[in-house]
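Pasted below: coords-v7.pdb, PDB, C-alpha atoms, pLDDT in the B column.
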ATOM      1  CA  MET A  26       0.000   0.000   0.000  1.00 76.00           C
ATOM      2  CA  PRO A  27       1.252   3.501  -0.701  1.00 85.00           C
ATOM      3  CA  ALA A  28       2.368   5.788   2.093  1.00 84.00           C
ATOM      4  CA  LEU A  29      -0.046   8.405   3.387  1.00 85.00           C
ATOM      5  CA  THR A  30       2.118  11.386   2.434  1.00 84.00           C
ATOM      6  CA  GLY A  31       0.700  14.853   1.877  1.00 84.00           C
ATOM      7  CA  ILE A  32      -2.464  14.111   3.880  1.00 87.00           C
ATOM      8  CA  ASP A  33      -3.049  16.537   6.738  1.00 86.00           C
ATOM      9  CA  ILE A  34      -5.937  16.389   9.206  1.00 88.00           C
ATOM     10  CA  THR A  35      -6.881  19.042  11.732  1.00 89.00           C
ATOM     11  CA  ALA A  36      -7.085  17.921  15.374  1.00 88.00           C
ATOM     12  CA  ALA A  37     -10.482  16.376  16.255  1.00 89.00           C
ATOM     13  CA  TYR A  38     -11.522  16.225  12.554  1.00 94.00           C
ATOM     14  CA  PHE A  39     -12.154  13.202  10.329  1.00 95.00           C
ATOM     15  CA  ARG A  40     -10.854  12.340   6.854  1.00 94.00           C
ATOM     16  CA  HIS A  41     -11.513   9.325   4.612  1.00 96.00           C
ATOM     17  CA  VAL A  42      -8.478   8.017   2.721  1.00 95.00           C
ATOM     18  CA  CYS A  43      -9.150   5.552  -0.123  1.00 96.00           C
ATOM     19  CA  PHE A  44      -6.860   3.026  -1.814  1.00 96.00           C
ATOM     20  CA  PHE A  45      -7.423   2.280  -5.510  1.00 97.00           C
ATOM     21  CA  ILE A  46      -5.904  -0.269  -7.901  1.00 97.00           C
ATOM     22  CA  ASP A  47      -5.767  -0.208 -11.699  1.00 97.00           C
ATOM     23  CA  SER A  48      -5.409  -2.958 -14.325  1.00 97.00           C
ATOM     24  CA  ALA A  49      -1.588  -2.746 -14.106  1.00 97.00           C
ATOM     25  CA  ALA A  50      -1.809  -3.501 -10.339  1.00 96.00           C
ATOM     26  CA  VAL A  51      -0.672   0.002  -9.422  1.00 95.00           C
ATOM     27  CA  VAL A  52      -2.143   1.055  -6.072  1.00 96.00           C
ATOM     28  CA  THR A  53      -2.783   4.753  -5.442  1.00 95.00           C
ATOM     29  CA  VAL A  54      -4.196   6.712  -2.526  1.00 95.00           C
ATOM     30  CA  ALA A  55      -6.597   9.665  -2.471  1.00 95.00           C
ATOM     31  CA  ALA A  56      -8.055  11.645   0.426  1.00 95.00           C
ATOM     32  CA  GLY A  57     -11.445  13.259   0.697  1.00 96.00           C
ATOM     33  CA  THR A  58     -12.312  16.543   2.366  1.00 96.00           C
ATOM     34  CA  GLU A  59     -12.032  16.587   6.143  1.00 95.00           C
ATOM     35  CA  GLY A  60     -15.047  17.246   8.316  1.00 96.00           C
ATOM     36  CA  SER A  61     -15.760  18.040  11.950  1.00 95.00           C
ATOM     37  CA  THR A  62     -17.861  14.848  12.183  1.00 95.00           C
ATOM     38  CA  ARG A  63     -17.500  11.498  10.463  1.00 94.00           C
ATOM     39  CA  ALA A  64     -20.676  12.193   8.474  1.00 95.00           C
ATOM     40  CA  ALA A  65     -19.340  15.579   7.335  1.00 97.00           C
ATOM     41  CA  ALA A  66     -16.104  14.112   5.945  1.00 97.00           C
ATOM     42  CA  THR A  67     -16.378  13.336   2.235  1.00 97.00           C
ATOM     43  CA  PHE A  68     -14.859  10.558   0.175  1.00 97.00           C
ATOM     44  CA  PRO A  69     -12.568  11.556  -2.704  1.00 97.00           C
ATOM     45  CA  PRO A  70     -13.842  11.265  -6.275  1.00 97.00           C
ATOM     46  CA  PHE A  71     -13.351   7.719  -7.547  1.00 96.00           C
ATOM     47  CA  PRO A  72     -10.974   7.725 -10.557  1.00 95.00           C
ATOM     48  CA  ASP A  73     -12.098   6.142 -13.831  1.00 96.00           C
ATOM     49  CA  GLY A  74     -10.561   2.763 -14.585  1.00 96.00           C
ATOM     50  CA  LYS A  75      -9.643   2.018 -10.974  1.00 97.00           C
ATOM     51  CA  ALA A  76     -11.269  -0.156  -8.325  1.00 97.00           C
ATOM     52  CA  LEU A  77     -11.585   0.690  -4.649  1.00 97.00           C
ATOM     53  CA  VAL A  78      -9.446  -1.682  -2.560  1.00 96.00           C
ATOM     54  CA  GLY A  79     -10.305  -0.227   0.835  1.00 96.00           C
ATOM     55  CA  TYR A  80     -10.363   2.917   2.902  1.00 96.00           C
ATOM     56  CA  LEU A  81      -9.352   4.356   6.265  1.00 93.00           C
ATOM     57  CA  THR A  82     -11.182   6.895   8.363  1.00 94.00           C
ATOM     58  CA  ILE A  83      -8.545   8.843  10.263  1.00 91.00           C
ATOM     59  CA  THR A  84      -9.233  10.963  13.340  1.00 89.00           C
ATOM     60  CA  TYR A  85      -7.434  11.781  16.546  1.00 82.00           C
ATOM     61  CA  ALA A  86      -7.284  14.372  19.317  1.00 69.00           C
ATOM     62  CA  SER A  87      -4.147  15.871  17.774  1.00 70.00           C
ATOM     63  CA  ALA A  88      -3.315  16.811  14.187  1.00 69.00           C
ATOM     64  CA  PHE A  89      -2.192  14.105  11.721  1.00 71.00           C
ATOM     65  CA  THR A  90       0.456  14.816   9.116  1.00 74.00           C
ATOM     66  CA  GLY A  91       1.267  12.061   6.644  1.00 71.00           C
TER      67      GLY A  91
END
Would you mind writing the structure in this file as structure tokens?
Amino acid sequence: MPALTGIDITAAYFRHVCFFIDSAAVVTVAAGTEGSTRAAATFPPFPDGKALVGYLTITYASAFTG
């Protein structure tokens, strides 16, 4: 799985991070928009030609920097 680099989350916020795979078996990661609640956080747009492998919902009391 790719590293979660360039993904920042404000303390006490939520962000969904999705893992996608394409026909060449290349796995990529994309992050949605953070939200103050889990329901307010959005998923990233799903890229054409790729399948969703899985996702993480990241939150914590302090800021996350990937």
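The residues caught by the PyMOL selection byres ((chain A and resi 53) around 10) in this file are Met26, Pro27, Ala28, Leu29, Cys43, Phe44, Phe45, Ile46, Asp47, Ala50, Val51, Val52, Val54, Ala55, Lys75, Leu77 and Val78 of chain A.
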Open item on the list: I want to know what sits within 12 Å of region 30-38 of chain A, based on all atoms listed in the file, with residues of the same chain fewer than 2 positions away left out; could you give that as a ChimeraX atom specification?
Closed with: /A:26-28,40-43,53-67,82-91
Could you work out an axis-aligned box for region 62-75 of chain A, taking every atom the file lists and adding 4 Å on each side, and report centre and edge lengths in Å to one decimal, as AutoDock Vina command-line options?
--center_x -15.2 --center_y 8.8 --center_z -1.2 --size_x 19.0 --size_y 21.6 --size_z 34.8
